[in-house]
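**Student:** My structure is stored as run.pdb, with PDB, C-alpha atoms.
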```pdb
ATOM      1  CA  MET P   1      31.967 -13.948  -6.450
ATOM      2  CA  ASN P   2      33.531 -14.736  -3.093
ATOM      3  CA  ALA P   3      31.852 -17.929  -1.882
ATOM      4  CA  SER P   4      33.182 -17.403   1.660
ATOM      5  CA  ALA P   5      31.564 -13.972   2.028
ATOM      6  CA  SER P   6      28.564 -13.815   4.318
ATOM      7  CA  PRO P   7      25.618 -11.432   4.135
ATOM      8  CA  VAL P   8      25.476  -8.622   6.674
ATOM      9  CA  VAL P   9      22.077  -8.025   8.261
ATOM     10  CA  VAL P  10      21.657  -5.118  10.656
ATOM     11  CA  ARG P  11      18.333  -4.654  12.407
ATOM     12  CA  ALA P  12      17.362  -1.062  13.131
ATOM     13  CA  GLY P  13      16.731  -1.803  16.797
ATOM     14  CA  SER P  14      20.157  -3.331  17.378
ATOM     15  CA  ALA P  15      22.368  -0.962  15.363
ATOM     16  CA  GLU P  16      24.903   0.981  17.422
ATOM     17  CA  THR P  17      24.099   4.702  17.404
ATOM     18  CA  LEU P  18      26.646   7.332  18.402
ATOM     19  CA  GLN P  19      26.232  11.016  19.137
ATOM     20  CA  ASP P  20      29.202  12.797  17.590
ATOM     21  CA  GLY P  21      27.911  16.295  18.315
ATOM     22  CA  PRO P  22      24.920  18.085  19.812
ATOM     23  CA  THR P  23      23.086  18.024  16.470
ATOM     24  CA  SER P  24      24.154  14.776  14.828
ATOM     25  CA  LEU P  25      23.956  11.015  15.189
ATOM     26  CA  ILE P  26      25.827   8.238  13.406
ATOM     27  CA  THR P  27      24.240   4.801  13.150
ATOM     28  CA  LEU P  28      26.806   2.088  12.433
ATOM     29  CA  LEU P  29      25.658  -0.379   9.785
ATOM     30  CA  ALA P  30      28.550  -2.370   8.270
ATOM     31  CA  ASP P  31      32.300  -2.039   8.699
ATOM     32  CA  SER P  32      35.085  -3.394   6.544
ATOM     33  CA  ALA P  33      35.708  -6.440   8.747
ATOM     34  CA  GLY P  34      32.110  -7.606   8.409
ATOM     35  CA  THR P  35      32.009  -7.161   4.623
ATOM     36  CA  GLN P  36      35.376  -8.742   3.847
ATOM     37  CA  GLY P  37      36.638  -5.295   2.841
ATOM     38  CA  ALA P  38      33.899  -4.621   0.297
ATOM     39  CA  LEU P  39      32.366  -1.560   1.947
ATOM     40  CA  THR P  40      31.667   0.398   5.079
ATOM     41  CA  ALA P  41      28.242   1.950   5.676
ATOM     42  CA  ASN P  42      26.591   4.216   8.221
ATOM     43  CA  ARG P  43      23.568   6.455   8.520
ATOM     44  CA  ALA P  44      24.121  10.112   9.371
ATOM     45  CA  THR P  45      21.251  12.024  10.959
ATOM     46  CA  LEU P  46      21.933  15.761  10.979
ATOM     47  CA  ARG P  47      19.559  18.192  12.659
ATOM     48  CA  LYS P  48      18.992  21.759  11.510
ATOM     49  CA  GLY P  49      22.090  23.863  12.066
ATOM     50  CA  SER P  50      24.457  20.910  12.358
ATOM     51  CA  PRO P  51      27.972  21.786  11.143
ATOM     52  CA  GLY P  52      28.189  18.346   9.546
ATOM     53  CA  ALA P  53      31.648  17.107   8.627
ATOM     54  CA  PRO P  54      34.553  19.493   8.083
ATOM     55  CA  VAL P  55      36.536  19.579   4.853
ATOM     56  CA  HIS P  56      38.560  16.420   4.404
ATOM     57  CA  PHE P  57      39.578  13.801   1.861
ATOM     58  CA  HIS P  58      40.308  10.089   1.752
ATOM     59  CA  THR P  59      43.182   8.504  -0.147
ATOM     60  CA  GLY P  60      41.976   4.928  -0.477
ATOM     61  CA  ALA P  61      38.203   4.905  -0.870
ATOM     62  CA  THR P  62      35.310   6.460  -2.715
ATOM     63  CA  GLU P  63      32.685   7.918  -0.365
ATOM     64  CA  MET P  64      29.030   7.835  -1.372
ATOM     65  CA  PHE P  65      26.043   9.791  -0.069
ATOM     66  CA  PHE P  66      22.410   8.823  -0.658
ATOM     67  CA  VAL P  67      19.922  11.274   0.839
ATOM     68  CA  LEU P  68      17.084   9.406   2.540
ATOM     69  CA  GLY P  69      15.282  12.558   3.668
ATOM     70  CA  GLY P  70      15.722  16.305   3.992
ATOM     71  CA  GLY P  71      18.475  18.178   2.198
ATOM     72  CA  LEU P  72      22.258  17.918   2.211
ATOM     73  CA  ARG P  73      24.892  20.428   1.104
ATOM     74  CA  VAL P  74      28.074  18.804  -0.143
ATOM     75  CA  LEU P  75      31.365  20.485  -0.976
ATOM     76  CA  LEU P  76      32.950  18.732  -3.960
ATOM     77  CA  GLY P  77      36.353  20.308  -4.474
ATOM     78  CA  ASP P  78      35.591  23.798  -5.772
ATOM     79  CA  ARG P  79      31.796  23.583  -5.939
ATOM     80  CA  ILE P  80      28.858  23.014  -3.633
ATOM     81  CA  VAL P  81      25.815  20.961  -4.552
ATOM     82  CA  THR P  82      22.576  20.660  -2.614
ATOM     83  CA  LEU P  83      20.991  17.229  -2.669
ATOM     84  CA  GLY P  84      17.405  16.321  -1.849
ATOM     85  CA  ALA P  85      15.710  13.078  -0.895
ATOM     86  CA  GLY P  86      16.609  10.382  -3.417
ATOM     87  CA  ASP P  87      19.730  12.176  -4.686
ATOM     88  CA  PHE P  88      23.095  10.417  -4.754
ATOM     89  CA  VAL P  89      26.709  11.506  -5.162
ATOM     90  CA  THR P  90      30.088   9.765  -5.163
ATOM     91  CA  VAL P  91      33.281  11.437  -3.990
ATOM     92  CA  PRO P  92      36.446   9.911  -5.448
ATOM     93  CA  PRO P  93      39.664   9.527  -3.449
ATOM     94  CA  HIS P  94      41.726  12.708  -2.910
ATOM     95  CA  LEU P  95      38.808  15.093  -3.608
ATOM     96  CA  PRO P  96      38.325  17.528  -0.708
ATOM     97  CA  HIS P  97      34.724  17.395   0.460
ATOM     98  CA  ALA P  98      32.479  18.306   3.371
ATOM     99  CA  PHE P  99      28.794  18.022   4.127
ATOM    100  CA  ALA P 100      26.101  19.604   6.273
ATOM    101  CA  PRO P 101      22.314  19.784   6.137
ATOM    102  CA  ALA P 102      20.851  22.268   3.686
ATOM    103  CA  ARG P 103      19.906  25.602   5.254
ATOM    104  CA  ASP P 104      16.906  25.311   7.579
ATOM    105  CA  GLU P 105      16.626  21.571   6.917
ATOM    106  CA  GLU P 106      17.577  18.312   8.495
ATOM    107  CA  ALA P 107      19.386  15.579   6.600
ATOM    108  CA  ASP P 108      19.069  11.812   6.848
ATOM    109  CA  VAL P 109      21.836  10.230   4.783
ATOM    110  CA  LEU P 110      23.168   6.775   3.975
ATOM    111  CA  VAL P 111      26.963   7.059   3.746
ATOM    112  CA  ALA P 112      29.123   4.296   2.285
ATOM    113  CA  PHE P 113      32.783   3.789   1.460
ATOM    114  CA  THR P 114      34.226   1.383  -1.081
ATOM    115  CA  PRO P 115      36.458  -0.412  -0.671
ATOM    116  CA  GLY P 116      35.636  -0.729   2.980
ATOM    117  CA  MET P 117      37.599   1.132   5.632
ATOM    118  CA  ASP P 118      37.718   0.443   9.360
ATOM    119  CA  ARG P 119      35.704   3.542  10.312
ATOM    120  CA  PHE P 120      33.641   2.450  13.296
ATOM    121  CA  ASP P 121      36.441   3.224  15.767
ATOM    122  CA  TYR P 122      36.800   6.653  14.136
ATOM    123  CA  TYR P 123      33.104   7.362  14.738
ATOM    124  CA  ARG P 124      33.464   6.160  18.322
ATOM    125  CA  LEU P 125      36.398   8.555  18.720
ATOM    126  CA  LEU P 126      34.188  11.414  17.484
ATOM    127  CA  GLU P 127      31.650  10.543  20.157
ATOM    128  CA  ARG P 128      34.375  10.480  22.841
ATOM    129  CA  VAL P 129      35.504  13.942  21.722
ATOM    130  CA  HIS P 130      31.899  15.160  21.959
ATOM    131  CA  ARG P 131      31.691  13.764  25.501
ATOM    132  CA  GLY P 132      35.005  15.378  26.500
ATOM    133  CA  GLU P 133      36.733  11.997  26.868
ATOM    134  CA  ALA P 134      39.160  12.622  23.959
ATOM    135  CA  THR P 135      40.489  15.656  22.104
ATOM    136  CA  VAL P 136      40.707  17.029  18.586
ATOM    137  CA  GLU P 137      44.416  16.160  18.813
ATOM    138  CA  ASP P 138      43.384  12.498  19.087
ATOM    139  CA  ILE P 139      41.437  12.888  15.843
ATOM    140  CA  LYS P 140      44.445  14.475  14.117
ATOM    141  CA  ALA P 141      46.684  11.680  15.386
ATOM    142  CA  GLY P 142      44.369   9.114  13.771
ATOM    143  CA  SER P 143      44.365  10.686  10.290
ATOM    144  CA  ALA P 144      46.480   7.970   8.654
ATOM    145  CA  ARG P 145      44.787   5.098  10.511
ATOM    146  CA  TYR P 146      41.287   6.221   9.532
ATOM    147  CA  ASP P 147      42.243   7.701   6.129
ATOM    148  CA  ASN P 148      40.608  10.970   7.107
ATOM    149  CA  HIS P 149      42.774  13.935   6.132
ATOM    150  CA  TYR P 150      41.530  17.412   7.039
ATOM    151  CA  CYS P 151      42.145  20.454   4.860
ATOM    152  CA  ALA P 152      40.786  23.972   4.389
ATOM    153  CA  SER P 153      38.275  25.463   1.957
ATOM    154  CA  SER P 154      37.412  29.153   1.909
ATOM    155  CA  LEU P 155      34.369  28.269  -0.236
ATOM    156  CA  TRP P 156      32.991  25.947   2.487
ATOM    157  CA  GLN P 157      33.855  28.418   5.237
ATOM    158  CA  THR P 158      31.883  31.117   3.398
ATOM    159  CA  GLU P 159      28.980  28.696   2.836
ATOM    160  CA  LEU P 160      28.667  27.848   6.513
ATOM    161  CA  ALA P 161      29.049  31.483   7.568
ATOM    162  CA  GLY P 162      25.762  32.196   5.781
ATOM    163  CA  ASP P 163      23.797  29.928   8.151
TER     164      ASP P 163
END
```
Mind converting the file's structure to structure tokens?

**Tutor:**
Amino acid sequence: MNASASPVVVRAGSAETLQDGPTSLITLLADSAGTQGALTANRATLRKGSPGAPVHFHTGATEMFFVLGGGLRVLLGDRIVTLGAGDFVTVPPHLPHAFAPARDEEADVLVAFTPGMDRFDYYRLLERVHRGEATVEDIKAGSARYDNHYCASSLWQTELAGD
């Protein structure tokens, strides 16, 4: 146990919330710097019809999803699973994945990475793109910095086309 580590307490009323698209919000909970590299956590709130996150993978962290409410579709390599409230999944490094709310549902999801990654600036960049203050090229340029590597999946493309 690291005796110098401090607890991280985030009150709902003071958490930074970002709008990264017309149908989704990201609430920042704990970033790598605040947890001494142990984890990064956020809450994703996806309204009906949200495209969620496109297909991507991470090289240095496992990403975890815990569904607080609603339903969440998750691409896990070559399969898609639908999770309901109380369901949990881990996505190991290098596995292509994507997520969006289940058809005709909203999704409220706790998302965490371990070890921690400096992701808060990435989420802020997504909001700037949504506002027209940055471009998709800026996101691509940050792939290595944020360990967010985009790729393609015909399975996911077909899944979303059915919405």

**Student:** Find the residues of segment 78-100 of chain P that sit at most 10 Å from segment 45-65 of chain P; for each, write down the nearest two atoms and how far apart they are in Å, to one decimal. Count all atoms listed in the file. Sort by chain, then by number going up, and give it as a tab-separated table.

**Tutor:**
```
residue	atom	partner	partner_atom	distance
P:Leu83	CA	P:Phe65	CA	9.4
P:Asp87	CA	P:Phe65	CA	8.2
P:Phe88	CA	P:Phe65	CA	5.6
P:Val89	CA	P:Phe65	CA	5.4
P:Thr90	CA	P:Met64	CA	4.4
P:Val91	CA	P:Glu63	CA	5.1
P:Pro92	CA	P:Thr62	CA	4.5
P:Pro93	CA	P:Thr59	CA	4.9
P:His94	CA	P:Thr59	CA	5.2
P:Leu95	CA	P:Phe57	CA	5.7
P:Pro96	CA	P:Phe57	CA	4.7
P:His97	CA	P:Val55	CA	5.2
P:Ala98	CA	P:Val55	CA	4.5
P:Phe99	CA	P:Ala53	CA	5.4
P:Ala100	CA	P:Gly52	CA	4.1
```

**Student:** Compile the contact shell of Arg43 of chain P as number ranges by chain: residues with an atom at most 6 Å away, counting only C-alpha atoms, same-chain residues fewer than 4 positions apart removed.

**Tutor:** P: 26-27, 109-111

**Student:** Rounded to one decimal in Å, what is the spacing between atom CA of Gln36 of chain P and atom CA of Tyr123 of chain P?

**Tutor:** 19.6 Å

**Student:** Counting all atoms listed in the file, figure out which residue out of P:Val67, P:Leu39, P:Leu75, P:Leu18 gets nearest to Leu155 of chain P.

**Tutor:**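 Nearest to Leu155 of chain P: P:Leu75.
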
**Student:** What's the 9 Å shell around Arg103 of chain P, counting only C-alpha atoms, without same-chain residues fewer than 2 positions away, as an MDAnalysis selection string?

**Tutor:** chainID P and resid 48:49 71:73 100:101 105:106 162:163

**Student:** Would you mind reading off the distance between atom CA of Ala41 of chain P and atom CA of Leu29 of chain P, one decimal, in Å?

**Tutor:**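 Distance between the two atoms: 5.4 Å.
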
**Student:** Just how far from atom CA of Tyr146 of chain P is atom CA of Arg119 of chain P, in Å to one decimal?

**Tutor:** 6.2 Å

**Student:** Of the candidates P:Asn148, P:Gln157, P:Ser143, P:Asn42, which one gets nearest to Glu16 of chain P if we count only C-alpha atoms?

**Tutor:**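 Smallest distance to Glu16 of chain P is found for P:Asn42.
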
**Student:** Using only C-alpha atoms, which of P:Ala44, P:Ala85, P:Val8, P:Ala144 sits nearest Gly21 of chain P?

**Tutor:**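 Residue with the minimum atom-to-atom distance to Gly21 of chain P: P:Ala44.
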
**Student:** Centre and edge lengths of an axis-aligned box around all listed atoms of segment 127-139 of chain P, with 6 Å added on each side, are to be given in Å to one decimal, as AutoDock Vina command-line options.

**Tutor:**
```
--center_x 38.0 --center_y 13.8 --center_z 21.4 --size_x 24.8 --size_y 18.5 --size_z 23.0
```

**Student:** Between P:Leu160, P:Val10, P:Val136, P:Leu126, which residue has the minimum interatomic distance to Ser24 of chain P, considering all atoms listed in the file?

**Tutor:** P:Leu126

**Student:** Using all atoms listed in the file for the distances, tell me which of P:Glu127, P:Gly116, P:Thr35, P:Thr23 is nearest to Ser4 of chain P.

**Tutor:** P:Thr35

**Student:** Pick out the closest residue to Asp118 of chain P from this set: P:Arg79, P:Arg11, P:Arg131, P:Arg145. Count only C-alpha atoms.

**Tutor:**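 Smallest separation from Asp118 of chain P among the options: P:Arg145.
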
**Student:** Rebuild segment 135-157 of chain P so that it carries N, CA and C atoms, then output the result as a PDB file, in the coordinates of the input.

**Tutor:**
```
ATOM      1  N   THR P 135      40.282  14.299  22.617  1.00  0.00           N
ATOM      2  CA  THR P 135      40.489  15.656  22.104  1.00  0.00           C
ATOM      3  C   THR P 135      40.591  15.668  20.581  1.00  0.00           C
ATOM      4  N   VAL P 136      40.517  16.857  20.021  1.00  0.00           N
ATOM      5  CA  VAL P 136      40.707  17.029  18.586  1.00  0.00           C
ATOM      6  C   VAL P 136      42.100  16.544  18.190  1.00  0.00           C
ATOM      7  N   GLU P 137      43.063  16.667  19.091  1.00  0.00           N
ATOM      8  CA  GLU P 137      44.416  16.160  18.813  1.00  0.00           C
ATOM      9  C   GLU P 137      44.389  14.651  18.589  1.00  0.00           C
ATOM     10  N   ASP P 138      43.522  13.944  19.297  1.00  0.00           N
ATOM     11  CA  ASP P 138      43.384  12.498  19.087  1.00  0.00           C
ATOM     12  C   ASP P 138      42.857  12.210  17.682  1.00  0.00           C
ATOM     13  N   ILE P 139      41.949  13.055  17.209  1.00  0.00           N
ATOM     14  CA  ILE P 139      41.437  12.888  15.843  1.00  0.00           C
ATOM     15  C   ILE P 139      42.561  13.113  14.848  1.00  0.00           C
ATOM     16  N   LYS P 140      43.326  14.177  15.024  1.00  0.00           N
ATOM     17  CA  LYS P 140      44.445  14.475  14.117  1.00  0.00           C
ATOM     18  C   LYS P 140      45.450  13.332  14.106  1.00  0.00           C
ATOM     19  N   ALA P 141      45.719  12.769  15.282  1.00  0.00           N
ATOM     20  CA  ALA P 141      46.684  11.680  15.386  1.00  0.00           C
ATOM     21  C   ALA P 141      46.215  10.426  14.644  1.00  0.00           C
ATOM     22  N   GLY P 142      44.914  10.287  14.453  1.00  0.00           N
ATOM     23  CA  GLY P 142      44.369   9.114  13.771  1.00  0.00           C
ATOM     24  C   GLY P 142      44.160   9.297  12.277  1.00  0.00           C
ATOM     25  N   SER P 143      44.612  10.410  11.712  1.00  0.00           N
ATOM     26  CA  SER P 143      44.365  10.686  10.290  1.00  0.00           C
ATOM     27  C   SER P 143      44.790   9.549   9.373  1.00  0.00           C
ATOM     28  N   ALA P 144      45.994   9.041   9.533  1.00  0.00           N
ATOM     29  CA  ALA P 144      46.480   7.970   8.654  1.00  0.00           C
ATOM     30  C   ALA P 144      45.712   6.674   8.897  1.00  0.00           C
ATOM     31  N   ARG P 145      45.482   6.347  10.180  1.00  0.00           N
ATOM     32  CA  ARG P 145      44.787   5.098  10.511  1.00  0.00           C
ATOM     33  C   ARG P 145      43.386   5.055   9.912  1.00  0.00           C
ATOM     34  N   TYR P 146      42.672   6.185   9.991  1.00  0.00           N
ATOM     35  CA  TYR P 146      41.287   6.221   9.532  1.00  0.00           C
ATOM     36  C   TYR P 146      41.145   6.800   8.130  1.00  0.00           C
ATOM     37  N   ASP P 147      42.250   7.112   7.471  1.00  0.00           N
ATOM     38  CA  ASP P 147      42.243   7.701   6.129  1.00  0.00           C
ATOM     39  C   ASP P 147      41.282   8.882   6.060  1.00  0.00           C
ATOM     40  N   ASN P 148      41.431   9.766   7.027  1.00  0.00           N
ATOM     41  CA  ASN P 148      40.608  10.970   7.107  1.00  0.00           C
ATOM     42  C   ASN P 148      41.560  12.147   7.251  1.00  0.00           C
ATOM     43  N   HIS P 149      41.769  12.887   6.178  1.00  0.00           N
ATOM     44  CA  HIS P 149      42.774  13.935   6.132  1.00  0.00           C
ATOM     45  C   HIS P 149      42.075  15.286   5.991  1.00  0.00           C
ATOM     46  N   TYR P 150      42.217  16.119   7.019  1.00  0.00           N
ATOM     47  CA  TYR P 150      41.530  17.412   7.039  1.00  0.00           C
ATOM     48  C   TYR P 150      42.302  18.450   6.244  1.00  0.00           C
ATOM     49  N   CYS P 151      41.559  19.370   5.637  1.00  0.00           N
ATOM     50  CA  CYS P 151      42.145  20.454   4.860  1.00  0.00           C
ATOM     51  C   CYS P 151      41.207  21.658   4.954  1.00  0.00           C
ATOM     52  N   ALA P 152      41.570  22.741   4.295  1.00  0.00           N
ATOM     53  CA  ALA P 152      40.786  23.972   4.389  1.00  0.00           C
ATOM     54  C   ALA P 152      40.099  24.265   3.059  1.00  0.00           C
ATOM     55  N   SER P 153      38.984  24.996   3.140  1.00  0.00           N
ATOM     56  CA  SER P 153      38.275  25.463   1.957  1.00  0.00           C
ATOM     57  C   SER P 153      37.602  26.783   2.299  1.00  0.00           C
ATOM     58  N   SER P 154      38.053  27.855   1.663  1.00  0.00           N
ATOM     59  CA  SER P 154      37.412  29.153   1.909  1.00  0.00           C
ATOM     60  C   SER P 154      35.980  29.142   1.382  1.00  0.00           C
ATOM     61  N   LEU P 155      35.720  28.376   0.315  1.00  0.00           N
ATOM     62  CA  LEU P 155      34.369  28.269  -0.236  1.00  0.00           C
ATOM     63  C   LEU P 155      33.419  27.675   0.810  1.00  0.00           C
ATOM     64  N   TRP P 156      33.834  26.598   1.472  1.00  0.00           N
ATOM     65  CA  TRP P 156      32.991  25.947   2.487  1.00  0.00           C
ATOM     66  C   TRP P 156      32.834  26.850   3.714  1.00  0.00           C
ATOM     67  N   GLN P 157      33.910  27.502   4.088  1.00  0.00           N
ATOM     68  CA  GLN P 157      33.855  28.418   5.237  1.00  0.00           C
ATOM     69  C   GLN P 157      32.838  29.533   4.978  1.00  0.00           C
TER      70      GLN P 157
END
```
